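Data block below; observations after.
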Amino acid sequence: VQLQASGGGLVQAGGSLRLSCAASGSDFSGYIWGWHRQAPGRPREFVAAITSGGSTNYADSGKGRFTISRDNAKNVMYLQMNSLKVEDTGVYYCYVRRHSFASQIWGQGTQVTVSS
């Protein structure tokens with residue numbers, strides 16, 4: 001089982017990035033997928049999640065700017081981030097979990113840096 005996050009990079013404030021998370025080794029179409037992020041010196045925090053049925057949940061910090069989506073056929077999840085702010089800087093980690101109370105399976109992170 002492997003989760004591969006990609007799409008991070010350096011962008012100016014106000015810009016956009018699209019992160020991807022590709023899963024391999026198992027079928028995660030029935031799982032919850034999500035993103036967390038971790039800024040330097042801060043704990044990891046929730047960003048967004050999407051259920052197998054397509055229901056989404058966002059942290060307040062990303063509402064109206066971030067859009068999470070998934071392609072079950074391809075076992076891939078996306079996070080479209082628009083109007084990026086300096087405070088969005090951090091390492092973004094994707095995960096899958098069977099249900100809300102299950103442990104997450106984490107991928108490696110992808111660095112997002114937003115410059116002013």
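Naming works like this for the structure tokens: A, B, ... for the chains as they're shown, residue 1 at the start of each chain, ligands 1 onward in shown order.
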Give me the residues near Ala5 (chain A) as an mmCIF file with N, CA and C atoms, in the first residue's frame, where near means some atom within 8 Å (using only C-alpha atoms) and where sequence neighbours in that chain fewer than 2 positions away do not count.
data_model
loop_
_atom_site.group_PDB
_atom_site.id
_atom_site.type_symbol
_atom_site.label_atom_id
_atom_site.label_comp_id
_atom_site.auth_asym_id
_atom_site.auth_seq_id
_atom_site.Cartn_x
_atom_site.Cartn_y
_atom_site.Cartn_z
ATOM 1 N N LEU A 3 0.776 5.642 -0.810
ATOM 2 C CA LEU A 3 0.145 6.889 -1.216
ATOM 3 C C LEU A 3 1.242 7.837 -1.657
ATOM 4 N N GLY A 7 2.579 17.686 -6.565
ATOM 5 C CA GLY A 7 1.951 18.924 -6.991
ATOM 6 C C GLY A 7 2.335 20.146 -6.184
ATOM 7 N N LEU A 19 -2.803 19.847 -5.815
ATOM 8 C CA LEU A 19 -2.115 18.690 -5.268
ATOM 9 C C LEU A 19 -2.825 17.418 -5.704
ATOM 10 N N SER A 20 -2.047 16.375 -5.875
ATOM 11 C CA SER A 20 -2.599 15.069 -6.213
ATOM 12 C C SER A 20 -2.102 14.040 -5.205
ATOM 13 N N CYS A 21 -2.900 13.011 -5.005
ATOM 14 C CA CYS A 21 -2.506 11.901 -4.146
ATOM 15 C C CYS A 21 -2.957 10.623 -4.842
ATOM 16 N N ALA A 22 -1.991 9.825 -5.242
ATOM 17 C CA ALA A 22 -2.287 8.587 -5.959
ATOM 18 C C ALA A 22 -2.033 7.399 -5.045
ATOM 19 N N TYR A 93 0.098 16.495 3.588
ATOM 20 C CA TYR A 93 0.084 15.040 3.645
ATOM 21 C C TYR A 93 -1.295 14.517 3.263
ATOM 22 N N CYS A 94 -1.326 13.511 2.428
ATOM 23 C CA CYS A 94 -2.607 12.882 2.112
ATOM 24 C C CYS A 94 -2.753 11.591 2.934
ATOM 25 N N GLY A 107 0.472 9.179 3.316
ATOM 26 C CA GLY A 107 1.462 9.261 2.267
ATOM 27 C C GLY A 107 2.587 10.170 2.707
ATOM 28 N N GLN A 108 3.607 10.260 1.875
ATOM 29 C CA GLN A 108 4.675 11.211 2.189
ATOM 30 C C GLN A 108 4.148 12.610 1.856
ATOM 31 N N GLY A 109 4.765 13.625 2.352
ATOM 32 C CA GLY A 109 4.269 14.974 2.155
ATOM 33 C C GLY A 109 4.781 15.617 0.882
ATOM 34 N N THR A 110 4.092 16.676 0.509
ATOM 35 C CA THR A 110 4.557 17.521 -0.587
ATOM 36 C C THR A 110 4.594 18.958 -0.069
#
Item to complete: Using DSSP on the backbone coordinates, identify the residues of chain A assigned to helix (DSSP H, G or I); present them as an MDAnalysis selection string.
Response: chainID A and resid 60:62 86:88
Worksheet item: Could you pull out all residues of chain A with a DSSP call of strand (DSSP E or B) and give them as a ChimeraX atom specification?
Response: /A:2-6,9-12,17-24,32-38,45-50,56-58,66-71,76-81,90-97,105-115
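Each of A:Val11, A:Ile32, A:Val112, A:Ala23 was compared to Arg97 (chain A) using only C-alpha atoms, and A:Ile32 turns out to be the nearest.
When only C-alpha atoms are used to measure the gap to Tyr78 (chain A), the shortest distance among A:Gly15, A:Gly41, A:Gly8, A:Gly53 belongs to A:Gly8.
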Discussion item. Excluding Ala13 (chain A) and its own-chain neighbours fewer than 6 positions away, which residues fall within 9 Å of it when counting only C-alpha atoms? Please give them as a ChimeraX atom specification.
Written reply: /A:83-86,114-116
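In terms of minimum interatomic distance to Gln80 (chain A), A:Arg18 ranks closest within A:Gln12, A:Arg18, A:Gly25, A:Ala39, counting only C-alpha atoms.
Distance-wise, CA of Asn57 (chain A) and CA of Asp71 (chain A) end up 16.8 Å apart.
Between Met81 (chain A) and the candidates A:Phe101, A:Phe28, A:Trp35, A:Tyr95, the tightest atom-to-atom separation, counting only C-alpha atoms, involves A:Trp35.
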Worksheet entry | Shell around region 46-49 of chain A at 6 Å using only C-alpha atoms, local window under 6 positions removed, as a VMD selection string | chain A and resid 33 to 36 56 to 59
Using all heavy atoms, can you export the residues from the last selection as an mmCIF file, in the first residue's frame?
data_model
loop_
_atom_site.group_PDB
_atom_site.id
_atom_site.type_symbol
_atom_site.label_atom_id
_atom_site.label_comp_id
_atom_site.auth_asym_id
_atom_site.auth_seq_id
_atom_site.Cartn_x
_atom_site.Cartn_y
_atom_site.Cartn_z
ATOM 1 N N TRP A 33 -10.854 9.861 2.027
ATOM 2 C CA TRP A 33 -9.556 10.418 1.647
ATOM 3 C C TRP A 33 -9.457 11.818 2.242
ATOM 4 O O TRP A 33 -10.470 12.513 2.380
ATOM 5 C CB TRP A 33 -9.437 10.544 0.132
ATOM 6 C CG TRP A 33 -9.377 9.283 -0.647
ATOM 7 C CD1 TRP A 33 -10.330 8.308 -0.722
ATOM 8 C CD2 TRP A 33 -8.321 8.865 -1.517
ATOM 9 N NE1 TRP A 33 -9.927 7.311 -1.580
ATOM 10 C CE2 TRP A 33 -8.694 7.629 -2.092
ATOM 11 C CE3 TRP A 33 -7.095 9.423 -1.886
ATOM 12 C CZ2 TRP A 33 -7.892 6.937 -2.995
ATOM 13 C CZ3 TRP A 33 -6.298 8.743 -2.796
ATOM 14 C CH2 TRP A 33 -6.706 7.509 -3.331
ATOM 15 N N GLY A 34 -8.244 12.238 2.533
ATOM 16 C CA GLY A 34 -8.122 13.581 3.072
ATOM 17 C C GLY A 34 -6.709 14.131 3.026
ATOM 18 O O GLY A 34 -5.761 13.446 2.614
ATOM 19 N N TRP A 35 -6.625 15.373 3.452
ATOM 20 C CA TRP A 35 -5.352 16.100 3.507
ATOM 21 C C TRP A 35 -5.186 16.736 4.885
ATOM 22 O O TRP A 35 -6.141 17.287 5.444
ATOM 23 C CB TRP A 35 -5.304 17.217 2.461
ATOM 24 C CG TRP A 35 -5.311 16.769 1.048
ATOM 25 C CD1 TRP A 35 -6.395 16.606 0.249
ATOM 26 C CD2 TRP A 35 -4.170 16.433 0.250
ATOM 27 N NE1 TRP A 35 -6.009 16.183 -0.995
ATOM 28 C CE2 TRP A 35 -4.644 16.079 -1.020
ATOM 29 C CE3 TRP A 35 -2.792 16.414 0.480
ATOM 30 C CZ2 TRP A 35 -3.800 15.694 -2.063
ATOM 31 C CZ3 TRP A 35 -1.949 16.039 -0.549
ATOM 32 C CH2 TRP A 35 -2.446 15.678 -1.799
ATOM 33 N N HIS A 36 -3.987 16.679 5.370
ATOM 34 C CA HIS A 36 -3.564 17.466 6.511
ATOM 35 C C HIS A 36 -2.347 18.272 6.061
ATOM 36 O O HIS A 36 -1.755 17.990 5.024
ATOM 37 C CB HIS A 36 -3.185 16.582 7.704
ATOM 38 C CG HIS A 36 -4.331 16.069 8.484
ATOM 39 N ND1 HIS A 36 -4.269 15.828 9.839
ATOM 40 C CD2 HIS A 36 -5.593 15.755 8.122
ATOM 41 C CE1 HIS A 36 -5.434 15.383 10.265
ATOM 42 N NE2 HIS A 36 -6.253 15.314 9.244
ATOM 43 N N THR A 56 -17.930 16.304 1.299
ATOM 44 C CA THR A 56 -16.660 16.967 1.609
ATOM 45 C C THR A 56 -16.728 17.725 2.931
ATOM 46 O O THR A 56 -17.807 18.122 3.393
ATOM 47 C CB THR A 56 -16.271 17.949 0.494
ATOM 48 O OG1 THR A 56 -17.322 18.908 0.331
ATOM 49 C CG2 THR A 56 -16.052 17.228 -0.820
ATOM 50 N N ASN A 57 -15.576 17.939 3.501
ATOM 51 C CA ASN A 57 -15.458 18.682 4.746
ATOM 52 C C ASN A 57 -14.159 19.480 4.666
ATOM 53 O O ASN A 57 -13.131 18.953 4.221
ATOM 54 C CB ASN A 57 -15.418 17.726 5.944
ATOM 55 C CG ASN A 57 -15.457 18.455 7.260
ATOM 56 O OD1 ASN A 57 -16.023 19.535 7.368
ATOM 57 N ND2 ASN A 57 -14.856 17.868 8.281
ATOM 58 N N TYR A 58 -14.212 20.728 5.075
ATOM 59 C CA TYR A 58 -13.048 21.604 4.993
ATOM 60 C C TYR A 58 -12.782 22.282 6.329
ATOM 61 O O TYR A 58 -13.712 22.624 7.068
ATOM 62 C CB TYR A 58 -13.266 22.703 3.943
ATOM 63 C CG TYR A 58 -13.446 22.202 2.538
ATOM 64 C CD1 TYR A 58 -14.718 21.960 2.026
ATOM 65 C CD2 TYR A 58 -12.348 21.975 1.715
ATOM 66 C CE1 TYR A 58 -14.887 21.491 0.732
ATOM 67 C CE2 TYR A 58 -12.509 21.520 0.414
ATOM 68 C CZ TYR A 58 -13.781 21.278 -0.065
ATOM 69 O OH TYR A 58 -13.938 20.817 -1.351
ATOM 70 N N ALA A 59 -11.521 22.507 6.601
ATOM 71 C CA ALA A 59 -11.175 23.383 7.706
ATOM 72 C C ALA A 59 -11.604 24.796 7.340
ATOM 73 O O ALA A 59 -11.653 25.154 6.158
ATOM 74 C CB ALA A 59 -9.667 23.338 7.960
#
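Straight-line separation from CA of Ser61 (chain A) to CA of Val96 (chain A): 21.2 Å.
Minimum atom-to-atom distance to Gln2 (chain A), evaluated using only C-alpha atoms, belongs to A:Ile105 out of A:Ile105, A:Pro43, A:Asn82, A:Glu87.
Taking CA of Ser103 (chain A) and CA of Val76 (chain A) as the two end points, the separation is 19.3 Å.
Closest approach to Gly90 (chain A) among A:Ser24, A:Asn72, A:Gly9, A:Ser29: A:Gly9, based on only C-alpha atoms.
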